[in-house]
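Shown here: final-v9.cif, mmCIF, C-alpha atoms.
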```cif
data_my_file
#
loop_
_atom_site.label_atom_id
_atom_site.label_comp_id
_atom_site.auth_asym_id
_atom_site.auth_seq_id
_atom_site.Cartn_x
_atom_site.Cartn_y
_atom_site.Cartn_z
CA MET A 1 132.23 176.51 100.81
CA ASN A 2 128.69 175.44 100.06
CA LYS A 3 128.32 171.76 100.98
CA MET A 4 124.91 171.52 99.32
CA PHE A 5 126.54 172.58 96.06
CA VAL A 6 129.23 169.89 96.45
CA LYS A 7 126.55 167.29 97.20
CA SER A 8 124.62 168.35 94.10
CA VAL A 9 127.73 167.95 91.94
CA ASN A 10 128.46 164.59 93.54
CA LYS A 11 124.93 163.40 92.72
CA MET A 12 125.21 164.64 89.13
CA ILE A 13 128.42 162.69 88.61
CA ARG A 14 127.05 159.52 90.21
CA ASP A 15 123.73 159.70 88.35
CA LYS A 16 125.58 158.76 85.14
CA ARG A 17 126.54 155.30 86.41
CA PRO A 18 124.60 152.22 85.30
CA PHE A 19 122.18 150.36 87.54
CA PHE A 20 122.92 146.82 88.63
CA PRO A 21 121.52 144.31 86.13
CA ASP A 22 118.13 142.98 87.14
CA ASN A 23 119.55 139.48 87.65
CA ARG A 24 122.12 140.62 90.23
CA VAL A 25 120.53 139.85 93.57
CA ILE A 26 123.50 139.39 95.89
CA GLU A 27 127.21 140.20 95.76
CA VAL A 28 129.49 137.44 97.03
CA PHE A 29 133.12 137.66 98.05
CA GLN A 30 135.16 134.93 99.68
CA GLU A 31 138.79 135.01 100.73
CA GLY A 32 140.59 133.23 103.54
CA ASP A 33 138.05 132.28 106.20
CA LEU A 34 135.63 135.11 105.40
CA LEU A 35 132.48 134.86 103.29
CA GLU A 36 130.73 138.13 102.45
CA ILE A 37 127.10 138.20 101.32
CA GLY A 38 125.87 141.61 100.18
CA PHE A 39 122.19 142.15 99.43
CA LEU A 40 121.58 144.57 96.55
CA SER A 41 118.61 146.83 97.26
CA LYS A 42 117.98 150.40 96.09
CA GLN A 43 120.99 152.50 97.11
CA CYS A 44 122.72 153.85 100.17
CA LYS A 45 120.88 156.85 101.65
CA ASN A 46 124.17 158.72 101.98
CA ASP A 47 124.69 158.02 98.27
CA LEU A 48 121.22 159.39 97.54
CA ALA A 49 122.03 162.54 99.50
CA GLY A 50 125.25 163.17 97.57
CA SER A 51 127.53 162.48 100.52
CA CYS A 52 131.04 161.01 100.36
CA LEU A 53 133.19 162.08 97.43
CA MET A 54 134.94 158.73 96.86
CA CYS A 55 132.32 156.11 97.57
CA ASP A 56 130.10 154.04 95.27
CA TYR A 57 128.37 150.90 96.47
CA GLY A 58 126.28 150.87 93.32
CA ARG A 59 122.54 151.16 92.89
CA ALA A 60 119.72 148.78 92.14
CA LYS A 61 116.48 149.83 90.48
CA GLY A 62 114.51 148.77 93.52
CA THR A 63 114.04 145.96 96.01
CA LEU A 64 113.33 142.36 95.07
CA SER A 65 111.04 139.97 96.91
CA ASP A 66 112.20 138.62 100.27
CA LYS A 67 112.04 135.10 98.85
CA THR A 68 114.43 136.00 96.03
CA TYR A 69 117.05 137.28 98.47
CA LEU A 70 116.63 134.42 100.94
CA ASP A 71 116.72 131.66 98.32
CA LYS A 72 119.92 133.14 96.91
CA MET A 73 121.45 133.37 100.38
CA ARG A 74 120.68 129.72 101.09
CA ASP A 75 122.16 128.72 97.74
CA ILE A 76 125.39 130.59 98.47
CA LEU A 77 125.72 129.09 101.95
CA ASN A 78 125.22 125.61 100.51
CA LYS A 79 128.18 126.20 98.19
CA HIS A 80 130.48 127.44 101.00
CA LYS A 81 130.28 124.77 103.67
CA SER A 82 133.89 124.38 104.76
CA GLY A 83 136.78 126.56 105.85
CA ILE A 84 134.64 129.62 106.61
CA ASN A 85 134.77 131.11 110.12
CA PHE A 86 133.16 134.49 109.50
CA LEU A 87 129.96 135.35 107.63
CA LEU A 88 129.75 139.05 106.77
CA LEU A 89 126.22 140.29 106.09
CA CYS A 90 125.92 143.64 104.34
CA CYS A 91 124.21 145.44 101.48
CA ASN A 92 125.03 148.18 99.00
CA GLY A 93 124.69 150.68 101.82
CA SER A 94 123.57 149.82 105.35
CA ILE A 95 121.89 146.51 106.11
CA LEU A 96 120.18 147.89 109.23
CA ASP A 97 118.61 150.72 107.25
CA GLU A 98 114.88 150.01 106.95
CA TYR A 99 114.84 151.87 103.61
CA GLN A 100 117.11 149.21 102.07
CA ILE A 101 116.40 146.06 104.08
CA SER A 102 113.06 145.73 105.87
CA THR A 103 112.92 144.45 109.44
CA GLU A 104 111.04 141.39 108.22
CA LEU A 105 113.70 140.54 105.64
CA LEU A 106 116.48 141.25 108.14
CA ARG A 107 114.90 138.85 110.62
CA GLU A 108 114.84 136.06 108.04
CA ILE A 109 118.45 136.79 107.04
CA LEU A 110 119.49 136.50 110.68
CA VAL A 111 117.58 133.24 111.13
CA ILE A 112 119.39 131.68 108.18
CA ALA A 113 122.74 133.01 109.42
CA GLU A 114 122.13 131.47 112.84
CA SER A 115 121.22 128.08 111.35
CA CYS A 116 124.21 127.83 109.00
CA SER A 117 127.50 126.16 109.94
CA ILE A 118 129.60 129.37 109.97
CA PRO A 119 130.40 130.13 113.64
CA ASN A 120 130.80 133.94 113.64
CA ILE A 121 128.51 136.61 112.20
CA ILE A 122 129.60 140.12 111.12
CA ILE A 123 126.92 142.73 110.43
CA GLU A 124 128.06 145.81 108.50
CA THR A 125 125.97 148.96 108.86
CA HIS A 126 126.07 152.73 109.26
CA TYR A 127 126.27 153.90 112.86
CA LYS A 128 123.10 155.99 112.54
CA ASP A 129 121.14 152.81 111.80
CA ILE A 130 122.15 151.21 115.10
CA SER A 131 119.23 151.25 117.53
CA VAL A 132 118.04 149.37 120.59
CA ASN A 133 115.31 147.76 118.47
CA LYS A 134 117.76 146.50 115.84
CA LEU A 135 120.23 145.27 118.46
CA ASN A 136 117.40 143.49 120.30
CA LEU A 137 116.41 141.81 117.05
CA ILE A 138 119.97 140.62 116.48
CA LYS A 139 120.18 139.39 120.07
CA GLN A 140 116.90 137.54 119.70
CA GLU A 141 117.84 135.70 116.49
CA ILE A 142 121.62 135.22 116.72
CA LYS A 143 123.18 133.19 119.53
CA LYS A 144 126.59 132.97 117.84
CA PRO A 145 129.32 135.57 118.44
CA VAL A 146 128.41 138.80 116.62
CA ILE A 147 130.66 141.58 115.35
CA ILE A 148 129.19 144.93 114.32
CA GLU A 149 131.21 146.58 111.52
CA MET A 150 130.75 150.28 110.86
CA GLY A 151 132.29 152.87 108.57
CA LEU A 152 134.26 155.60 110.32
CA GLU A 153 136.88 156.52 107.68
CA THR A 154 138.64 159.12 109.85
CA ILE A 155 138.26 160.65 113.29
CA ASN A 156 139.05 164.12 111.97
CA GLN A 157 135.78 166.01 112.44
CA GLU A 158 136.63 168.77 109.96
CA TYR A 159 137.35 166.22 107.25
CA GLN A 160 134.16 164.34 108.15
CA ASN A 161 132.13 167.52 107.76
CA ASP A 162 133.69 168.81 104.52
CA ILE A 163 134.53 165.67 102.50
CA PHE A 164 132.38 162.79 103.72
CA MET A 165 129.35 164.89 104.65
CA LYS A 166 127.59 161.88 106.21
CA ASN A 167 126.71 163.71 109.42
CA ILE A 168 129.08 161.61 111.50
CA ASP A 169 129.47 163.26 114.88
CA MET A 170 132.31 161.77 116.92
CA ARG A 171 130.58 162.33 120.27
CA GLU A 172 127.46 160.56 119.04
CA TYR A 173 129.63 157.83 117.51
CA GLU A 174 131.19 157.11 120.91
CA LYS A 175 127.73 156.67 122.44
CA ILE A 176 126.81 154.13 119.75
CA ILE A 177 130.01 152.21 120.45
CA GLU A 178 129.07 152.00 124.13
CA LEU A 179 125.53 150.89 123.24
CA ILE A 180 126.84 148.07 121.05
CA LYS A 181 129.28 146.97 123.75
CA SER A 182 126.42 146.76 126.25
CA TYR A 183 125.08 143.88 124.14
CA GLY A 184 128.39 142.05 124.39
CA TYR A 185 129.28 142.52 120.71
CA ASP A 186 132.72 143.21 119.32
CA ILE A 187 133.10 146.17 116.96
CA GLU A 188 135.13 146.66 113.78
CA LEU A 189 135.62 150.16 112.36
CA ASN A 190 136.51 150.79 108.72
CA LEU A 191 139.24 153.40 108.21
CA LEU A 192 140.49 154.80 104.90
CA LEU A 193 144.11 155.20 103.82
CA GLY A 194 144.81 157.71 101.05
CA LEU A 195 142.25 160.43 101.74
CA PRO A 196 142.00 163.00 98.93
CA PHE A 197 143.40 166.54 99.15
CA LEU A 198 145.87 165.44 101.84
CA SER A 199 149.63 165.17 101.43
CA PRO A 200 151.19 161.68 101.76
CA ARG A 201 152.30 162.64 105.27
CA GLU A 202 148.79 163.73 106.22
CA GLN A 203 147.29 160.61 104.63
CA LEU A 204 149.53 158.49 106.84
CA ASN A 205 149.08 160.54 110.00
CA TYR A 206 145.28 160.83 109.71
CA THR A 207 145.02 157.04 109.51
CA ILE A 208 147.44 156.48 112.38
CA GLU A 209 145.45 158.89 114.57
CA SER A 210 142.24 157.06 113.67
CA ILE A 211 143.81 153.69 114.50
CA HIS A 212 144.91 154.97 117.91
CA TRP A 213 141.38 156.25 118.58
CA THR A 214 139.80 152.99 117.45
CA VAL A 215 142.04 150.82 119.62
CA ASP A 216 141.61 153.16 122.59
CA HIS A 217 137.87 152.57 122.26
CA GLN A 218 138.40 148.78 122.29
CA CYS A 219 137.40 148.36 118.65
CA THR A 220 139.22 146.60 115.81
CA PRO A 221 140.48 148.84 112.98
CA ILE A 222 140.15 147.69 109.37
CA ILE A 223 142.29 149.61 106.89
CA PHE A 224 140.94 150.20 103.39
CA PRO A 225 143.45 151.66 100.92
CA ILE A 226 141.36 153.84 98.61
CA SER A 227 140.51 152.75 95.07
CA ILE A 228 139.41 155.35 92.52
CA LYS A 229 135.97 154.43 91.24
CA PRO A 230 134.32 155.81 88.11
CA TYR A 231 131.25 158.01 88.49
CA THR A 232 132.64 159.55 91.69
CA THR A 233 133.89 163.02 92.47
CA LEU A 234 137.19 161.40 93.43
CA ARG A 235 137.53 160.17 89.84
CA TYR A 236 136.80 163.70 88.67
CA ALA A 237 139.53 164.96 90.99
CA TYR A 238 141.91 162.35 89.58
CA ASP A 239 141.07 163.26 85.98
CA ASN A 240 141.86 166.90 86.76
CA GLY A 241 145.13 166.31 88.60
CA PHE A 242 143.83 166.77 92.15
CA TYR A 243 144.33 163.16 93.26
CA HIS A 244 146.80 160.37 92.58
CA PRO A 245 146.32 156.70 93.42
CA ILE A 246 148.23 155.73 96.53
CA SER A 247 150.99 153.15 96.49
CA LEU A 248 150.35 149.94 98.41
CA TRP A 249 153.71 150.59 100.02
CA LEU A 250 151.97 153.34 102.00
CA LEU A 251 150.01 150.53 103.66
CA VAL A 252 153.27 148.76 104.50
CA VAL A 253 154.69 151.99 105.97
CA LEU A 254 151.52 152.42 108.00
CA LEU A 255 151.64 148.90 109.41
CA ASP A 256 155.34 149.23 110.16
CA SER A 257 154.64 152.31 112.31
CA LEU A 258 152.11 150.68 114.64
CA LYS A 259 152.53 149.57 118.22
CA PRO A 260 152.65 145.77 118.79
CA THR A 261 149.22 145.85 120.45
CA GLU A 262 147.76 147.61 117.39
CA LEU A 263 149.61 145.45 114.89
CA GLU A 264 148.23 142.32 116.51
CA ILE A 265 144.58 143.18 116.00
CA ILE A 266 144.49 145.35 112.87
CA LEU A 267 142.86 144.04 109.69
CA ILE A 268 143.34 145.12 106.08
CA ALA A 269 140.88 144.97 103.17
CA TRP A 270 140.76 145.89 99.49
CA TYR A 271 144.56 145.83 99.37
CA GLY A 272 144.58 145.06 95.64
CA ASN A 273 142.87 141.70 96.14
CA ARG A 274 139.45 142.86 95.05
CA ASP A 275 138.03 144.81 92.13
CA ASP A 276 134.31 145.62 91.77
CA SER A 277 134.57 147.50 88.46
CA TYR A 278 131.46 147.81 86.31
CA LEU A 279 131.44 145.28 83.47
CA ASN A 280 132.50 146.69 80.08
CA ASP A 281 132.89 150.15 81.56
CA ILE A 282 135.51 152.46 83.02
CA PRO A 283 137.63 150.31 85.36
CA ASN A 284 138.47 151.12 88.94
CA ILE A 285 141.98 152.38 89.60
CA LEU A 286 143.38 150.27 92.42
CA PRO A 287 146.20 151.26 94.79
CA CYS A 288 149.29 151.13 92.61
CA THR A 289 152.39 149.00 92.49
CA CYS A 290 154.97 148.45 89.80
CA SER A 291 155.24 145.18 87.89
CA LYS A 292 158.16 144.11 90.08
CA CYS A 293 156.40 144.41 93.44
CA LYS A 294 152.76 143.70 92.56
CA ASP A 295 152.77 139.96 93.30
CA THR A 296 154.98 140.41 96.36
CA LEU A 297 152.56 142.88 97.97
CA SER A 298 149.53 140.78 97.08
CA THR A 299 151.12 137.77 98.77
CA PHE A 300 152.09 139.93 101.74
CA GLY A 301 148.50 141.07 102.26
CA ARG A 302 147.15 137.55 102.49
CA ALA A 303 150.03 136.36 104.69
CA PHE A 304 149.49 139.32 107.02
CA LEU A 305 145.83 138.39 107.53
CA ASN A 306 146.68 134.72 108.05
CA THR A 307 148.47 135.45 111.33
CA LYS A 308 147.41 137.49 114.35
CA ASN A 309 150.78 137.40 116.09
CA SER A 310 152.39 140.85 116.23
CA SER A 311 155.97 139.48 116.09
CA GLU A 312 155.17 137.38 113.03
CA ARG A 313 153.45 140.33 111.40
CA LYS A 314 156.43 142.58 112.14
CA ASN A 315 158.74 139.98 110.57
CA LEU A 316 156.50 139.83 107.50
CA ILE A 317 156.76 143.59 107.13
CA LYS A 318 160.55 143.50 107.49
CA ARG A 319 160.87 140.69 104.96
CA VAL A 320 158.70 142.39 102.33
CA ILE A 321 160.71 145.61 102.70
CA ASP A 322 164.07 143.80 102.61
CA ALA A 323 163.03 141.74 99.58
CA SER A 324 161.98 144.76 97.53
CA ILE A 325 163.75 144.88 94.15
CA CYS A 326 162.25 148.21 93.01
CA ASN A 327 162.34 151.73 94.36
CA CYS A 328 158.61 152.01 95.18
CA TYR A 329 159.10 151.74 98.94
CA GLN A 330 161.88 154.32 98.98
CA LYS A 331 159.75 156.69 96.85
CA VAL A 332 156.85 156.47 99.29
CA LYS A 333 159.14 157.17 102.22
CA ALA A 334 160.60 160.17 100.39
CA ASP A 335 157.13 161.46 99.46
CA ILE A 336 156.06 161.32 103.10
CA LYS A 337 159.18 163.15 104.25
CA ASP A 338 159.11 165.85 101.57
CA SER A 339 155.37 166.50 101.29
CA GLU A 340 153.76 169.78 102.30
CA ASP A 341 150.49 169.83 104.21
CA ARG A 342 148.11 171.99 102.19
CA PHE A 343 144.66 170.47 102.67
CA HIS A 344 142.71 173.75 102.86
CA GLU A 345 144.45 175.30 99.86
CA THR A 346 144.12 172.14 97.75
CA TYR A 347 140.46 171.62 98.55
CA ALA A 348 139.71 175.30 97.93
CA SER A 349 141.27 175.02 94.46
CA PHE A 350 139.25 171.90 93.72
CA TYR A 351 136.07 173.58 94.94
CA GLN A 352 136.74 176.44 92.54
CA LEU A 353 137.10 173.90 89.71
CA LEU A 354 133.68 172.50 90.60
CA LEU A 355 132.21 176.00 90.62
CA ASP A 356 133.70 176.79 87.23
CA ASN A 357 132.44 173.59 85.62
CA PHE A 358 129.18 172.79 87.41
CA ASP A 359 127.68 175.96 88.86
CA ASN A 360 125.41 176.64 85.86
CA GLU A 361 124.25 173.01 85.72
CA VAL A 362 123.42 172.92 89.41
CA LYS A 363 121.37 176.14 89.10
CA LYS A 364 119.24 174.78 86.25
#
```
Would you mind writing the structure in this file as structure tokens?
Amino acid sequence: MNKMFVKSVNKMIRDKRPFFPDNRVIEVFQEGDLLEIGFLSKQCKNDLAGSCLMCDYGRAKGTLSDKTYLDKMRDILNKHKSGINFLLLCCNGSILDEYQISTELLREILVIAESCSIPNIIIETHYKDISVNKLNLIKQEIKKPVIIEMGLETINQEYQNDIFMKNIDMREYEKIIELIKSYGYDIELNLLLGLPFLSPREQLNYTIESIHWTVDHQCTPIIFPISIKPYTTLRYAYDNGFYHPISLWLLVVLLDSLKPTELEIILIAWYGNRDDSYLNDIPNILPCTCSKCKDTLSTFGRAFLNTKNSSERKNLIKRVIDASICNCYQKVKADIKDSEDRFHETYASFYQLLLDNFDNEVKK
């Protein structure tokens, strides 16, 4: 299969999405004791290259003045003065990427983060943007505890190469982990649940394998159940019957299968609690539930994050399963048991669909 062709199709699909409005400077999300501040600048370089079939962080028309970003950051921090223990700094891509956030702007962002009342700082970036120079800058400006958060998605190298196409090399990734640890920083790795072209059993097993790897490397796994976003190749796959939204019960099954040591440290995100759909446009398709279990699973997600005790978390899982009044959980279990693993065949069929529908456009 020609990956450059797939990237070209991916770019064509994403090029139809709207830009962020000019007055959107920063994205803010707050839940529990976490405040996320995302700086909107240009677009992710992986996005520009046509990588990653399911991702869309959005795109801005350019970069605003440093003062505009910094004034907005100060304003947000002034409005969130209590109950926040973690400040997550990110952008619509990679905050340590000089293309999106200059070193000068990053330095000022770090200075403000250090001076605010929030005690812990999380910096989300792509692993290829981690360098000694950037880590030295962080060390120089931040004296608080720092966590580096990076996307990993899956440890399966074949899947990384064929579907994400972000040039993630697991051997290189391990070296970056060791470099970050040498600075005394904790590490969080983002993993996806519900990868396309996999059977339910493979979706579960790929994530479990990635969790084991993450914990073995003394990092914290964060599980992201996949949402289907418009203007992505994943949405095109969904529209043509090659992908179905996962059930949130798959997340429950995943958590229920973990060792106590893994269950104690794992985090979950985007579990139906967050929707970044474009305004007045095609909405995102979130992980699904039925009307009977929607509120129950939403409450479960927040309760799960509110405790770090593995026994309490295990009891939460048992209670949410026992309290189920629909058949969604049983259906997910049956789908896992009965599913056939046909990744190569499924992806080959989808690739042929892309060839049939986009080959002439790509050649123009």
Legend entry - Protein/DNA/RNA residues near (137.3, 159.6, 114.3), cut 10 Å, only C-alpha atoms, as number ranges by chain: A: 152-157, 159-160, 168-171, 173-174, 189, 191, 206-207, 209-214
Legend entry - CA of Val25 in chain A to CA of Tyr69 in chain A, straight-line distance in Å: 6.5 Å
Inset, instruction - Work out how far CA of Ala323 in chain A is from CA of Lys292 in chain A, in Å to one decimal. - result: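 Rounded to one decimal, the two atoms are 10.9 Å apart.
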Legend entry - Distance query Ile266 in chain A at most 8 Å, all atoms listed in the file, self and fewer than 2 positions along chain excluded, as a list in words: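 Here the qualifying residues turn out to be Thr220, Pro221, Ile222, Ile223, Glu262, Leu263, Glu264 and Ile268 of chain A.
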Legend entry - Distance of CA of Gly151 in chain A from CA of Lys67 in chain A, expressed in Å to one decimal place: 28.6 Å
Inset, instruction - Check which residues satisfy the PyMOL selection byres ((chain A and resi 241) around 12) in the file shown, then give them as an MDAnalysis selection string. - result: chainID A and resid 196:197 234:240 242:245 346 349:350 353
Would you list the residues near (145.3, 138.3, 106.5), meaning any protein, DNA or RNA residue with an atom at most 10 Å from that point in file coordinates, counting only C-alpha atoms, as an mmCIF file with C-alpha atoms, in the coordinates of the input?
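Heads up, here's the output in result-v4.cif:
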```cif
data_model
loop_
_atom_site.group_PDB
_atom_site.id
_atom_site.type_symbol
_atom_site.label_atom_id
_atom_site.label_comp_id
_atom_site.auth_asym_id
_atom_site.auth_seq_id
_atom_site.Cartn_x
_atom_site.Cartn_y
_atom_site.Cartn_z
ATOM 1 C CA GLU A 31 138.790 135.010 100.730
ATOM 2 C CA GLY A 32 140.590 133.230 103.540
ATOM 3 C CA ASP A 33 138.050 132.280 106.200
ATOM 4 C CA ILE A 266 144.490 145.350 112.870
ATOM 5 C CA LEU A 267 142.860 144.040 109.690
ATOM 6 C CA ILE A 268 143.340 145.120 106.080
ATOM 7 C CA ALA A 269 140.880 144.970 103.170
ATOM 8 C CA THR A 299 151.120 137.770 98.770
ATOM 9 C CA PHE A 300 152.090 139.930 101.740
ATOM 10 C CA GLY A 301 148.500 141.070 102.260
ATOM 11 C CA ARG A 302 147.150 137.550 102.490
ATOM 12 C CA ALA A 303 150.030 136.360 104.690
ATOM 13 C CA PHE A 304 149.490 139.320 107.020
ATOM 14 C CA LEU A 305 145.830 138.390 107.530
ATOM 15 C CA ASN A 306 146.680 134.720 108.050
ATOM 16 C CA THR A 307 148.470 135.450 111.330
ATOM 17 C CA LYS A 308 147.410 137.490 114.350
ATOM 18 C CA ARG A 313 153.450 140.330 111.400
#
```
Where atoms are lacking, range 248-260 of chain A completed to N, CA and C atoms, as a PDB file, in the coordinates of the input:
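Writing the result to part.pdb gives the following:
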```
ATOM      1  N   LEU A 248     150.592 150.914  97.339  1.00  0.00           N
ATOM      2  CA  LEU A 248     150.350 149.940  98.410  1.00  0.00           C
ATOM      3  C   LEU A 248     151.470 149.937  99.436  1.00  0.00           C
ATOM      4  N   TRP A 249     152.625 150.492  99.052  1.00  0.00           N
ATOM      5  CA  TRP A 249     153.710 150.590 100.020  1.00  0.00           C
ATOM      6  C   TRP A 249     153.355 151.558 101.151  1.00  0.00           C
ATOM      7  N   LEU A 250     152.420 152.475 100.917  1.00  0.00           N
ATOM      8  CA  LEU A 250     151.970 153.340 102.000  1.00  0.00           C
ATOM      9  C   LEU A 250     151.296 152.508 103.090  1.00  0.00           C
ATOM     10  N   LEU A 251     150.607 151.453 102.686  1.00  0.00           N
ATOM     11  CA  LEU A 251     150.010 150.530 103.660  1.00  0.00           C
ATOM     12  C   LEU A 251     151.091 149.831 104.468  1.00  0.00           C
ATOM     13  N   VAL A 252     152.164 149.418 103.810  1.00  0.00           N
ATOM     14  CA  VAL A 252     153.270 148.760 104.500  1.00  0.00           C
ATOM     15  C   VAL A 252     153.910 149.728 105.504  1.00  0.00           C
ATOM     16  N   VAL A 253     154.131 150.975 105.072  1.00  0.00           N
ATOM     17  CA  VAL A 253     154.690 151.990 105.970  1.00  0.00           C
ATOM     18  C   VAL A 253     153.775 152.194 107.176  1.00  0.00           C
ATOM     19  N   LEU A 254     152.491 152.264 106.923  1.00  0.00           N
ATOM     20  CA  LEU A 254     151.520 152.420 108.000  1.00  0.00           C
ATOM     21  C   LEU A 254     151.630 151.281 109.013  1.00  0.00           C
ATOM     22  N   LEU A 255     151.589 150.058 108.518  1.00  0.00           N
ATOM     23  CA  LEU A 255     151.640 148.900 109.410  1.00  0.00           C
ATOM     24  C   LEU A 255     152.951 148.852 110.182  1.00  0.00           C
ATOM     25  N   ASP A 256     154.024 149.253 109.528  1.00  0.00           N
ATOM     26  CA  ASP A 256     155.340 149.230 110.160  1.00  0.00           C
ATOM     27  C   ASP A 256     155.449 150.246 111.292  1.00  0.00           C
ATOM     28  N   SER A 257     154.564 151.243 111.314  1.00  0.00           N
ATOM     29  CA  SER A 257     154.640 152.310 112.310  1.00  0.00           C
ATOM     30  C   SER A 257     153.804 152.029 113.552  1.00  0.00           C
ATOM     31  N   LEU A 258     153.054 150.920 113.559  1.00  0.00           N
ATOM     32  CA  LEU A 258     152.110 150.680 114.640  1.00  0.00           C
ATOM     33  C   LEU A 258     152.757 150.029 115.862  1.00  0.00           C
ATOM     34  N   LYS A 259     152.115 150.238 116.991  1.00  0.00           N
ATOM     35  CA  LYS A 259     152.530 149.570 118.220  1.00  0.00           C
ATOM     36  C   LYS A 259     152.201 148.072 118.110  1.00  0.00           C
ATOM     37  N   PRO A 260     152.940 147.211 118.846  1.00  0.00           N
ATOM     38  CA  PRO A 260     152.650 145.770 118.790  1.00  0.00           C
ATOM     39  C   PRO A 260     151.194 145.437 119.109  1.00  0.00           C
TER      40      PRO A 260
END
```
